[in-house]
file final.cif (mmCIF, C-alpha atoms)
data_final
loop_
_atom_site.group_PDB
_atom_site.id
_atom_site.type_symbol
_atom_site.label_atom_id
_atom_site.label_comp_id
_atom_site.auth_asym_id
_atom_site.auth_seq_id
_atom_site.Cartn_x
_atom_site.Cartn_y
_atom_site.Cartn_z
ATOM 1 C CA MET A 1 32.920 -22.537 19.046
ATOM 2 C CA THR A 2 31.684 -19.628 16.899
ATOM 3 C CA VAL A 3 33.624 -16.428 16.274
ATOM 4 C CA VAL A 4 31.244 -14.551 18.578
ATOM 5 C CA GLU A 5 31.682 -17.111 21.372
ATOM 6 C CA ALA A 6 35.473 -17.057 20.961
ATOM 7 C CA THR A 7 35.479 -13.254 21.095
ATOM 8 C CA LEU A 8 33.218 -13.192 24.159
ATOM 9 C CA ALA A 9 35.464 -15.707 25.913
ATOM 10 C CA ARG A 10 38.362 -13.230 25.633
ATOM 11 C CA ILE A 11 36.449 -10.362 27.249
ATOM 12 C CA PRO A 12 37.137 -10.113 31.002
ATOM 13 C CA GLN A 13 34.297 -10.131 33.509
ATOM 14 C CA PRO A 14 32.136 -8.062 34.235
ATOM 15 C CA TYR A 15 32.428 -6.657 30.711
ATOM 16 C CA ARG A 16 31.550 -10.047 29.215
ATOM 17 C CA ASP A 17 28.152 -10.034 30.916
ATOM 18 C CA LYS A 18 27.475 -6.516 29.600
ATOM 19 C CA ALA A 19 28.551 -7.548 26.101
ATOM 20 C CA ILE A 20 26.215 -10.552 26.213
ATOM 21 C CA LYS A 21 23.366 -8.414 27.541
ATOM 22 C CA HIS A 22 23.876 -5.817 24.782
ATOM 23 C CA ARG A 23 25.042 -8.129 21.990
ATOM 24 C CA GLU A 24 22.331 -6.926 19.631
ATOM 25 C CA LEU A 25 23.513 -3.322 20.022
ATOM 26 C CA ILE A 26 27.154 -4.357 19.607
ATOM 27 C CA LYS A 27 26.327 -6.216 16.387
ATOM 28 C CA PHE A 28 24.285 -3.236 15.160
ATOM 29 C CA LEU A 29 27.248 -0.937 15.848
ATOM 30 C CA MET A 30 29.617 -3.298 14.024
ATOM 31 C CA VAL A 31 27.297 -3.356 11.008
ATOM 32 C CA GLY A 32 27.091 0.423 11.290
ATOM 33 C CA GLY A 33 30.867 0.694 11.321
ATOM 34 C CA SER A 34 31.152 -1.472 8.232
ATOM 35 C CA THR A 35 28.475 0.401 6.357
ATOM 36 C CA TRP A 36 30.020 3.707 7.487
ATOM 37 C CA VAL A 37 33.165 2.717 5.608
ATOM 38 C CA ILE A 38 31.081 1.883 2.522
ATOM 39 C CA ASP A 39 29.163 5.152 2.888
ATOM 40 C CA THR A 40 32.367 7.165 3.321
ATOM 41 C CA VAL A 41 34.139 5.636 0.324
ATOM 42 C CA VAL A 42 31.136 6.059 -1.986
ATOM 43 C CA PHE A 43 30.543 9.625 -0.740
ATOM 44 C CA LEU A 44 34.158 10.703 -1.190
ATOM 45 C CA VAL A 45 34.515 9.056 -4.614
ATOM 46 C CA LEU A 46 31.286 10.608 -5.923
ATOM 47 C CA LYS A 47 32.100 13.994 -4.405
ATOM 48 C CA ALA A 48 35.582 13.947 -5.935
ATOM 49 C CA THR A 49 34.343 12.930 -9.394
ATOM 50 C CA VAL A 50 30.910 13.047 -11.003
ATOM 51 C CA LEU A 51 29.086 14.883 -8.198
ATOM 52 C CA ALA A 52 31.725 17.445 -7.229
ATOM 53 C CA ASP A 53 29.162 20.272 -7.277
ATOM 54 C CA LYS A 54 26.424 18.256 -5.555
ATOM 55 C CA PRO A 55 27.682 17.000 -2.175
ATOM 56 C CA VAL A 56 24.200 16.371 -0.758
ATOM 57 C CA THR A 57 23.277 14.231 -3.776
ATOM 58 C CA ALA A 58 26.553 12.328 -3.335
ATOM 59 C CA LYS A 59 25.692 11.813 0.332
ATOM 60 C CA VAL A 60 22.196 10.553 -0.439
ATOM 61 C CA ILE A 61 23.534 8.032 -2.976
ATOM 62 C CA ALA A 62 26.234 6.895 -0.550
ATOM 63 C CA VAL A 63 23.684 6.379 2.216
ATOM 64 C CA LEU A 64 21.412 4.423 -0.134
ATOM 65 C CA VAL A 65 24.224 2.047 -1.129
ATOM 66 C CA ALA A 66 25.228 1.571 2.507
ATOM 67 C CA THR A 67 21.571 1.037 3.470
ATOM 68 C CA MET A 68 21.177 -1.874 1.072
ATOM 69 C CA VAL A 69 24.202 -3.565 2.620
ATOM 70 C CA SER A 70 22.907 -2.665 6.088
ATOM 71 C CA TYR A 71 19.587 -4.432 5.514
ATOM 72 C CA VAL A 72 21.250 -7.718 4.660
ATOM 73 C CA LEU A 73 23.747 -7.559 7.536
ATOM 74 C CA ASN A 74 21.222 -6.409 10.142
ATOM 75 C CA ARG A 75 18.612 -8.933 9.028
ATOM 76 C CA GLU A 76 20.981 -11.866 8.947
ATOM 77 C CA TRP A 77 23.179 -10.992 11.920
ATOM 78 C CA SER A 78 22.266 -8.095 14.231
ATOM 79 C CA PHE A 79 18.547 -8.870 14.488
ATOM 80 C CA ARG A 80 18.576 -12.519 13.457
ATOM 81 C CA THR A 81 16.722 -13.560 16.622
ATOM 82 C CA ARG A 82 13.833 -11.295 15.690
ATOM 83 C CA GLY A 83 11.265 -12.098 13.082
ATOM 84 C CA GLY A 84 7.607 -12.869 12.763
ATOM 85 C CA ARG A 85 6.802 -10.531 9.905
ATOM 86 C CA GLU A 86 6.675 -11.549 6.300
ATOM 87 C CA ARG A 87 10.007 -10.713 4.718
ATOM 88 C CA HIS A 88 8.575 -8.226 2.215
ATOM 89 C CA HIS A 89 6.743 -6.348 5.004
ATOM 90 C CA GLU A 90 9.894 -6.268 7.115
ATOM 91 C CA ALA A 91 11.978 -5.054 4.155
ATOM 92 C CA LEU A 92 9.428 -2.346 3.326
ATOM 93 C CA LEU A 93 9.500 -1.062 6.918
ATOM 94 C CA PHE A 94 13.307 -1.191 6.936
ATOM 95 C CA PHE A 95 13.616 0.832 3.741
ATOM 96 C CA VAL A 96 10.920 3.358 4.737
ATOM 97 C CA ILE A 97 12.700 3.985 8.043
ATOM 98 C CA SER A 98 16.020 4.088 6.210
ATOM 99 C CA GLY A 99 14.497 6.624 3.795
ATOM 100 C CA VAL A 100 13.695 8.839 6.739
ATOM 101 C CA GLY A 101 17.210 8.042 7.930
ATOM 102 C CA VAL A 102 18.623 9.443 4.669
ATOM 103 C CA ALA A 103 17.077 12.799 5.551
ATOM 104 C CA VAL A 104 18.379 12.524 9.119
ATOM 105 C CA TYR A 105 21.888 11.592 7.894
ATOM 106 C CA SER A 106 21.934 14.319 5.244
ATOM 107 C CA ALA A 107 20.479 17.163 7.329
ATOM 108 C CA PRO A 108 23.743 18.140 9.103
ATOM 109 C CA LEU A 109 25.563 18.364 5.756
ATOM 110 C CA TRP A 110 22.742 20.442 4.262
ATOM 111 C CA VAL A 111 22.799 22.775 7.300
ATOM 112 C CA SER A 112 26.594 23.056 7.106
ATOM 113 C CA ARG A 113 26.574 23.916 3.400
ATOM 114 C CA TYR A 114 23.430 25.979 2.962
ATOM 115 C CA VAL A 115 22.597 27.483 6.357
ATOM 116 C CA PHE A 116 26.098 28.119 7.696
ATOM 117 C CA GLU A 117 27.466 28.589 4.136
ATOM 118 C CA LEU A 118 30.579 26.540 4.861
ATOM 119 C CA GLN A 119 31.425 26.347 1.193
ATOM 120 C CA VAL A 120 33.686 28.037 -1.306
ATOM 121 C CA PRO A 121 33.757 31.103 -1.847
ATOM 122 C CA PHE A 122 32.687 31.866 1.745
ATOM 123 C CA VAL A 123 35.377 29.627 3.263
ATOM 124 C CA SER A 124 38.556 27.984 1.975
ATOM 125 C CA LEU A 125 38.431 24.655 0.134
ATOM 126 C CA VAL A 126 40.081 22.967 3.130
ATOM 127 C CA ALA A 127 37.447 24.392 5.498
ATOM 128 C CA GLN A 128 34.659 23.329 3.133
ATOM 129 C CA GLU A 129 35.953 19.764 2.830
ATOM 130 C CA SER A 130 36.538 19.500 6.585
ATOM 131 C CA ALA A 131 33.054 20.810 7.330
ATOM 132 C CA ASP A 132 31.527 18.416 4.782
ATOM 133 C CA PHE A 133 33.307 15.458 6.374
ATOM 134 C CA VAL A 134 32.423 16.384 9.950
ATOM 135 C CA ALA A 135 28.803 17.251 9.152
ATOM 136 C CA GLY A 136 28.167 14.417 6.713
ATOM 137 C CA GLN A 137 30.290 11.582 7.986
ATOM 138 C CA ILE A 138 30.446 12.133 11.728
ATOM 139 C CA VAL A 139 27.484 14.186 12.958
ATOM 140 C CA GLY A 140 25.092 12.827 10.327
ATOM 141 C CA THR A 141 26.158 9.255 10.956
ATOM 142 C CA LEU A 142 25.803 9.490 14.741
ATOM 143 C CA VAL A 143 22.379 11.128 14.598
ATOM 144 C CA GLY A 144 21.207 8.779 11.851
ATOM 145 C CA MET A 145 22.482 5.689 13.645
ATOM 146 C CA ALA A 146 20.705 6.613 16.883
ATOM 147 C CA PHE A 147 17.479 7.203 14.948
ATOM 148 C CA ARG A 148 17.764 3.911 13.064
ATOM 149 C CA TRP A 149 18.573 1.871 16.215
ATOM 150 C CA TRP A 150 15.449 3.208 17.877
ATOM 151 C CA ALA A 151 13.226 2.855 14.795
ATOM 152 C CA PHE A 152 14.394 -0.626 13.793
ATOM 153 C CA ARG A 153 13.760 -2.000 17.267
ATOM 154 C CA ARG A 154 10.438 -0.163 17.522
ATOM 155 C CA PHE A 155 8.969 -0.842 14.080
ATOM 156 C CA VAL A 156 10.950 -3.340 11.975
ATOM 157 C CA TRP A 157 12.058 -5.893 14.538
ATOM 158 C CA PRO A 158 10.040 -5.051 17.692
ATOM 159 C CA ASP A 159 10.447 -6.833 21.015
ATOM 160 C CA GLN A 160 7.232 -8.828 20.555
ATOM 161 C CA PHE A 161 8.919 -10.787 17.740
ATOM 162 C CA VAL A 162 12.116 -11.689 19.627
ATOM 163 C CA ARG A 163 13.004 -15.374 19.639
ATOM 164 C CA ARG A 164 14.986 -15.584 22.862
ATOM 165 C CA GLN A 165 18.228 -17.482 22.733
ATOM 166 C CA PRO A 166 20.281 -18.508 25.714
ATOM 167 C CA PRO A 167 23.546 -16.610 26.081
ATOM 168 C CA PRO A 168 26.588 -18.399 24.688
ATOM 169 C CA VAL A 169 28.326 -20.816 26.987
ATOM 170 C CA THR A 170 31.244 -19.120 28.685
ATOM 171 C CA PRO A 171 34.231 -21.422 29.166
ATOM 172 C CA ALA A 172 35.485 -21.846 32.669
ATOM 173 C CA PRO A 173 38.650 -19.892 33.448
ATOM 174 C CA THR A 174 41.827 -21.908 33.247
ATOM 175 C CA ASP A 175 44.836 -21.347 35.432
#
call {"tool": "encode", "arguments": {"input": "final.cif", "output": "structure tokens"}}
result
Amino acid sequence: MTVVEATLARIPQPYRDKAIKHRELIKFLMVGGSTWVIDTVVFLVLKATVLADKPVTAKVIAVLVATMVSYVLNREWSFRTRGGRERHHEALLFFVISGVGVAVYSAPLWVSRYVFELQVPFVSLVAQESADFVAGQIVGTLVGMAFRWWAFRRFVWPDQFVRRQPPPVTPAPTD
């Protein structure tokens, strides 16, 4: 039994059926959570060190690092039942969409800093850092993730290339 099957077996009905139906989304969200941690660590380290005066640049670099990891994980796990394109074409589409995603992810931070001027000397350092985190790591991530989910399924791994797999076998309940 695989890890996924073992995990699904522990989920009570009717949630198990929903999890099976939306397993691709659940995997995508798990990859997103993992790459969010990577993105957050890289962003905070860069922002606290070499890019202290350039938070948007730090964010862009962090998103790029996380995106490289995301491609491998999404390709090999989240969307593994999809294919049909040559790998280089698929990768090009993934990285083009992710490039647009960088702008989508970074836009809330840019608006926070440069439109709302939530930066020192207009606000305290604590307010600036809180605003950067909320705009860059929460709002940006949610908006960017929604965009990427839609775009990946529409352009990189579209429905016409799905290789259907039967749902995992659910063990019979034991008393």
call {"tool": "atom_distance", "arguments": {"input": "final.cif", "atom1": "atom CA of A:Trp110", "atom2": "atom CA of A:Pro55"}}
result
8.8 Å
call {"tool": "closest_residue", "arguments": {"input": "final.cif", "among": "A:Pro121, A:Pro158, A:Asp53, A:Met145", "to": "A:Arg85", "atoms": "only C-alpha atoms"}}
result
A:Pro158
call {"tool": "atom_distance", "arguments": {"input": "final.cif", "atom1": "atom CA of A:Pro12", "atom2": "atom CA of A:Phe79"}}
result
24.9 Å
call {"tool": "closest_residue", "arguments": {"input": "final.cif", "among": "A:Lys27, A:Arg82, A:His22, A:Arg10", "to": "A:Phe155", "atoms": "only C-alpha atoms"}}
result
A:Arg82
call {"tool": "resolve_selection", "arguments": {"input": "final.cif", "expression": "the PyMOL selection byres ((chain A and resi 67) around 12)", "output": "mmCIF file with C-alpha atoms, in the frame of the given file"}}
result
data_model
loop_
_atom_site.group_PDB
_atom_site.id
_atom_site.type_symbol
_atom_site.label_atom_id
_atom_site.label_comp_id
_atom_site.auth_asym_id
_atom_site.auth_seq_id
_atom_site.Cartn_x
_atom_site.Cartn_y
_atom_site.Cartn_z
ATOM 1 C CA VAL A 31 27.297 -3.356 11.008
ATOM 2 C CA GLY A 32 27.091 0.423 11.290
ATOM 3 C CA SER A 34 31.152 -1.472 8.232
ATOM 4 C CA THR A 35 28.475 0.401 6.357
ATOM 5 C CA TRP A 36 30.020 3.707 7.487
ATOM 6 C CA VAL A 37 33.165 2.717 5.608
ATOM 7 C CA ILE A 38 31.081 1.883 2.522
ATOM 8 C CA ASP A 39 29.163 5.152 2.888
ATOM 9 C CA LYS A 59 25.692 11.813 0.332
ATOM 10 C CA VAL A 60 22.196 10.553 -0.439
ATOM 11 C CA ILE A 61 23.534 8.032 -2.976
ATOM 12 C CA ALA A 62 26.234 6.895 -0.550
ATOM 13 C CA VAL A 63 23.684 6.379 2.216
ATOM 14 C CA LEU A 64 21.412 4.423 -0.134
ATOM 15 C CA VAL A 65 24.224 2.047 -1.129
ATOM 16 C CA ALA A 66 25.228 1.571 2.507
ATOM 17 C CA MET A 68 21.177 -1.874 1.072
ATOM 18 C CA VAL A 69 24.202 -3.565 2.620
ATOM 19 C CA SER A 70 22.907 -2.665 6.088
ATOM 20 C CA TYR A 71 19.587 -4.432 5.514
ATOM 21 C CA VAL A 72 21.250 -7.718 4.660
ATOM 22 C CA LEU A 73 23.747 -7.559 7.536
ATOM 23 C CA ASN A 74 21.222 -6.409 10.142
ATOM 24 C CA ARG A 75 18.612 -8.933 9.028
ATOM 25 C CA ALA A 91 11.978 -5.054 4.155
ATOM 26 C CA PHE A 94 13.307 -1.191 6.936
ATOM 27 C CA PHE A 95 13.616 0.832 3.741
ATOM 28 C CA VAL A 96 10.920 3.358 4.737
ATOM 29 C CA ILE A 97 12.700 3.985 8.043
ATOM 30 C CA SER A 98 16.020 4.088 6.210
ATOM 31 C CA GLY A 99 14.497 6.624 3.795
ATOM 32 C CA VAL A 100 13.695 8.839 6.739
ATOM 33 C CA GLY A 101 17.210 8.042 7.930
ATOM 34 C CA VAL A 102 18.623 9.443 4.669
ATOM 35 C CA TYR A 105 21.888 11.592 7.894
ATOM 36 C CA GLY A 144 21.207 8.779 11.851
ATOM 37 C CA MET A 145 22.482 5.689 13.645
ATOM 38 C CA ARG A 148 17.764 3.911 13.064
#
call {"tool": "residues_around", "arguments": {"input": "final.cif", "residues": "A:Glu24", "least_positions_apart": "4", "cutoff": "12 Å", "atoms": "only C-alpha atoms", "output": "list in words"}}
result
Val4, Lys18, Ala19, Ile20, Phe28, Leu29, Met30, Val31, Asn74, Arg75, Glu76, Trp77, Ser78, Phe79, Arg80, Thr81, Arg82, Trp149, Phe152, Arg153, Trp157, Asp159, Val162, Arg164, Gln165 and Pro167 of chain A
call {"tool": "closest_residue", "arguments": {"input": "final.cif", "among": "A:Ala103, A:Ala151, A:Leu109, A:Ile138", "to": "A:Thr40", "atoms": "all atoms listed in the file"}}
result
A:Ile138
call {"tool": "atom_distance", "arguments": {"input": "final.cif", "atom1": "atom CA of A:Ala135", "atom2": "atom CA of A:Leu92"}}
result
28.2 Å
call {"tool": "resolve_selection", "arguments": {"input": "final.cif", "expression": "the PyMOL selection byres ((chain A and resi 113) around 12)", "output": "PyMOL selection string"}}
result
chain A and resi 53-56+106-112+114-123+127-136
call {"tool": "decode", "arguments": {"input": "final.cif", "residues": "stretch 35-163 of chain A", "atoms": "C-alpha atoms", "output": "PDB file, in the first residue's frame"}}
result
ATOM      1  CA  THR A  35       7.430  25.459  -1.895  1.00  0.00           C
ATOM      2  CA  TRP A  36       5.858  28.221   0.224  1.00  0.00           C
ATOM      3  CA  VAL A  37       8.229  27.232   3.018  1.00  0.00           C
ATOM      4  CA  ILE A  38      11.169  27.344   0.588  1.00  0.00           C
ATOM      5  CA  ASP A  39       9.965  30.692  -0.771  1.00  0.00           C
ATOM      6  CA  THR A  40       9.507  32.124   2.727  1.00  0.00           C
ATOM      7  CA  VAL A  41      12.921  31.029   3.996  1.00  0.00           C
ATOM      8  CA  VAL A  42      14.759  32.321   0.916  1.00  0.00           C
ATOM      9  CA  PHE A  43      12.787  35.596   0.978  1.00  0.00           C
ATOM     10  CA  LEU A  44      13.416  36.252   4.668  1.00  0.00           C
ATOM     11  CA  VAL A  45      17.112  35.320   4.489  1.00  0.00           C
ATOM     12  CA  LEU A  46      17.731  37.527   1.441  1.00  0.00           C
ATOM     13  CA  LYS A  47      15.685  40.384   2.883  1.00  0.00           C
ATOM     14  CA  ALA A  48      17.569  40.192   6.182  1.00  0.00           C
ATOM     15  CA  THR A  49      21.001  40.090   4.526  1.00  0.00           C
ATOM     16  CA  VAL A  50      22.168  40.997   1.032  1.00  0.00           C
ATOM     17  CA  LEU A  51      18.876  42.436  -0.256  1.00  0.00           C
ATOM     18  CA  ALA A  52      17.726  44.365   2.814  1.00  0.00           C
ATOM     19  CA  ASP A  53      16.942  47.456   0.718  1.00  0.00           C
ATOM     20  CA  LYS A  54      15.352  45.511  -2.148  1.00  0.00           C
ATOM     21  CA  PRO A  55      12.440  43.423  -0.826  1.00  0.00           C
ATOM     22  CA  VAL A  56      10.797  42.983  -4.237  1.00  0.00           C
ATOM     23  CA  THR A  57      14.051  41.661  -5.718  1.00  0.00           C
ATOM     24  CA  ALA A  58      14.352  39.288  -2.748  1.00  0.00           C
ATOM     25  CA  LYS A  59      10.782  38.141  -3.378  1.00  0.00           C
ATOM     26  CA  VAL A  60      11.392  37.548  -7.076  1.00  0.00           C
ATOM     27  CA  ILE A  61      14.502  35.453  -6.350  1.00  0.00           C
ATOM     28  CA  ALA A  62      12.655  33.487  -3.667  1.00  0.00           C
ATOM     29  CA  VAL A  63       9.778  32.752  -6.034  1.00  0.00           C
ATOM     30  CA  LEU A  64      12.197  31.648  -8.762  1.00  0.00           C
ATOM     31  CA  VAL A  65      13.939  29.177  -6.437  1.00  0.00           C
ATOM     32  CA  ALA A  66      10.598  27.827  -5.226  1.00  0.00           C
ATOM     33  CA  THR A  67       9.358  27.597  -8.831  1.00  0.00           C
ATOM     34  CA  MET A  68      12.217  25.327  -9.859  1.00  0.00           C
ATOM     35  CA  VAL A  69      11.370  22.963  -7.014  1.00  0.00           C
ATOM     36  CA  SER A  70       7.672  23.287  -7.870  1.00  0.00           C
ATOM     37  CA  TYR A  71       8.208  22.137 -11.457  1.00  0.00           C
ATOM     38  CA  VAL A  72       9.861  18.909 -10.391  1.00  0.00           C
ATOM     39  CA  LEU A  73       7.303  18.132  -7.674  1.00  0.00           C
ATOM     40  CA  ASN A  74       4.261  19.042  -9.774  1.00  0.00           C
ATOM     41  CA  ARG A  75       5.548  17.175 -12.821  1.00  0.00           C
ATOM     42  CA  GLU A  76       6.457  14.034 -10.943  1.00  0.00           C
ATOM     43  CA  TRP A  77       3.632  13.970  -8.405  1.00  0.00           C
ATOM     44  CA  SER A  78       0.717  16.419  -8.673  1.00  0.00           C
ATOM     45  CA  PHE A  79       0.206  16.111 -12.433  1.00  0.00           C
ATOM     46  CA  ARG A  80       1.922  12.785 -13.047  1.00  0.00           C
ATOM     47  CA  THR A  81      -1.166  11.365 -14.776  1.00  0.00           C
ATOM     48  CA  ARG A  82      -1.016  14.140 -17.350  1.00  0.00           C
ATOM     49  CA  GLY A  83       1.399  14.247 -20.213  1.00  0.00           C
ATOM     50  CA  GLY A  84       1.456  14.054 -23.960  1.00  0.00           C
ATOM     51  CA  ARG A  85       3.699  17.021 -24.626  1.00  0.00           C
ATOM     52  CA  GLU A  86       7.397  16.802 -25.199  1.00  0.00           C
ATOM     53  CA  ARG A  87       9.144  17.496 -21.918  1.00  0.00           C
ATOM     54  CA  HIS A  88      10.944  20.618 -23.151  1.00  0.00           C
ATOM     55  CA  HIS A  89       7.659  22.102 -24.442  1.00  0.00           C
ATOM     56  CA  GLU A  90       5.933  21.320 -21.154  1.00  0.00           C
ATOM     57  CA  ALA A  91       8.813  22.833 -19.156  1.00  0.00           C
ATOM     58  CA  LEU A  92       8.815  25.970 -21.320  1.00  0.00           C
ATOM     59  CA  LEU A  93       5.072  26.457 -20.762  1.00  0.00           C
ATOM     60  CA  PHE A  94       5.500  25.821 -17.030  1.00  0.00           C
ATOM     61  CA  PHE A  95       8.256  28.404 -16.676  1.00  0.00           C
ATOM     62  CA  VAL A  96       6.497  31.005 -18.863  1.00  0.00           C
ATOM     63  CA  ILE A  97       3.350  30.687 -16.746  1.00  0.00           C
ATOM     64  CA  SER A  98       5.483  30.725 -13.609  1.00  0.00           C
ATOM     65  CA  GLY A  99       7.178  33.887 -14.917  1.00  0.00           C
ATOM     66  CA  VAL A 100       3.790  35.528 -15.129  1.00  0.00           C
ATOM     67  CA  GLY A 101       3.171  34.040 -11.693  1.00  0.00           C
ATOM     68  CA  VAL A 102       6.234  35.886 -10.351  1.00  0.00           C
ATOM     69  CA  ALA A 103       4.553  39.162 -11.288  1.00  0.00           C
ATOM     70  CA  VAL A 104       1.272  37.980  -9.759  1.00  0.00           C
ATOM     71  CA  TYR A 105       3.034  36.862  -6.545  1.00  0.00           C
ATOM     72  CA  SER A 106       5.094  40.050  -6.296  1.00  0.00           C
ATOM     73  CA  ALA A 107       2.349  42.566  -7.125  1.00  0.00           C
ATOM     74  CA  PRO A 108       0.790  42.708  -3.617  1.00  0.00           C
ATOM     75  CA  LEU A 109       4.210  43.378  -2.062  1.00  0.00           C
ATOM     76  CA  TRP A 110       4.953  46.079  -4.643  1.00  0.00           C
ATOM     77  CA  VAL A 111       1.545  47.701  -3.984  1.00  0.00           C
ATOM     78  CA  SER A 112       2.098  47.507  -0.218  1.00  0.00           C
ATOM     79  CA  ARG A 113       5.542  49.113  -0.407  1.00  0.00           C
ATOM     80  CA  TYR A 114       5.221  51.623  -3.223  1.00  0.00           C
ATOM     81  CA  VAL A 115       1.528  52.486  -3.538  1.00  0.00           C
ATOM     82  CA  PHE A 116       0.487  52.357   0.116  1.00  0.00           C
ATOM     83  CA  GLU A 117       4.017  53.369   1.246  1.00  0.00           C
ATOM     84  CA  LEU A 118       4.050  50.818   4.057  1.00  0.00           C
ATOM     85  CA  GLN A 119       7.757  51.280   4.563  1.00  0.00           C
ATOM     86  CA  VAL A 120      10.115  53.135   6.846  1.00  0.00           C
ATOM     87  CA  PRO A 121      10.056  56.209   7.342  1.00  0.00           C
ATOM     88  CA  PHE A 122       6.288  56.345   6.696  1.00  0.00           C
ATOM     89  CA  VAL A 123       5.539  53.500   9.126  1.00  0.00           C
ATOM     90  CA  SER A 124       7.464  51.752  11.901  1.00  0.00           C
ATOM     91  CA  LEU A 125       9.891  48.925  11.119  1.00  0.00           C
ATOM     92  CA  VAL A 126       7.480  46.446  12.728  1.00  0.00           C
ATOM     93  CA  ALA A 127       4.604  47.687  10.545  1.00  0.00           C
ATOM     94  CA  GLN A 128       6.808  47.521   7.444  1.00  0.00           C
ATOM     95  CA  GLU A 129       7.938  43.956   8.148  1.00  0.00           C
ATOM     96  CA  SER A 130       4.394  42.842   8.988  1.00  0.00           C
ATOM     97  CA  ALA A 131       3.029  44.421   5.818  1.00  0.00           C
ATOM     98  CA  ASP A 132       5.808  42.835   3.741  1.00  0.00           C
ATOM     99  CA  PHE A 133       5.027  39.400   5.171  1.00  0.00           C
ATOM    100  CA  VAL A 134       1.264  39.672   4.731  1.00  0.00           C
ATOM    101  CA  ALA A 135       1.474  41.161   1.234  1.00  0.00           C
ATOM    102  CA  GLY A 136       4.330  39.007  -0.024  1.00  0.00           C
ATOM    103  CA  GLN A 137       3.874  35.712   1.737  1.00  0.00           C
ATOM    104  CA  ILE A 138       0.136  35.447   2.278  1.00  0.00           C
ATOM    105  CA  VAL A 139      -1.787  37.576  -0.226  1.00  0.00           C
ATOM    106  CA  GLY A 140       0.777  37.126  -3.003  1.00  0.00           C
ATOM    107  CA  THR A 141       0.974  33.392  -2.449  1.00  0.00           C
ATOM    108  CA  LEU A 142      -2.800  32.880  -2.456  1.00  0.00           C
ATOM    109  CA  VAL A 143      -3.357  34.954  -5.588  1.00  0.00           C
ATOM    110  CA  GLY A 144      -0.353  33.405  -7.325  1.00  0.00           C
ATOM    111  CA  MET A 145      -1.362  29.868  -6.397  1.00  0.00           C
ATOM    112  CA  ALA A 146      -4.893  30.327  -7.743  1.00  0.00           C
ATOM    113  CA  PHE A 147      -3.477  31.732 -10.987  1.00  0.00           C
ATOM    114  CA  ARG A 148      -0.971  28.896 -11.363  1.00  0.00           C
ATOM    115  CA  TRP A 149      -3.558  26.156 -10.623  1.00  0.00           C
ATOM    116  CA  TRP A 150      -5.782  27.523 -13.360  1.00  0.00           C
ATOM    117  CA  ALA A 151      -2.955  28.118 -15.854  1.00  0.00           C
ATOM    118  CA  PHE A 152      -1.174  24.797 -15.317  1.00  0.00           C
ATOM    119  CA  ARG A 153      -4.364  22.829 -15.871  1.00  0.00           C
ATOM    120  CA  ARG A 154      -5.336  24.999 -18.841  1.00  0.00           C
ATOM    121  CA  PHE A 155      -2.011  25.253 -20.670  1.00  0.00           C
ATOM    122  CA  VAL A 156       0.745  23.005 -19.273  1.00  0.00           C
ATOM    123  CA  TRP A 157      -1.136  19.851 -18.364  1.00  0.00           C
ATOM    124  CA  PRO A 158      -4.597  20.281 -19.967  1.00  0.00           C
ATOM    125  CA  ASP A 159      -7.445  17.808 -19.569  1.00  0.00           C
ATOM    126  CA  GLN A 160      -6.965  16.401 -23.079  1.00  0.00           C
ATOM    127  CA  PHE A 161      -3.655  14.862 -21.945  1.00  0.00           C
ATOM    128  CA  VAL A 162      -4.966  13.168 -18.782  1.00  0.00           C
ATOM    129  CA  ARG A 163      -4.165   9.477 -18.471  1.00  0.00           C
TER     130      ARG A 163
END
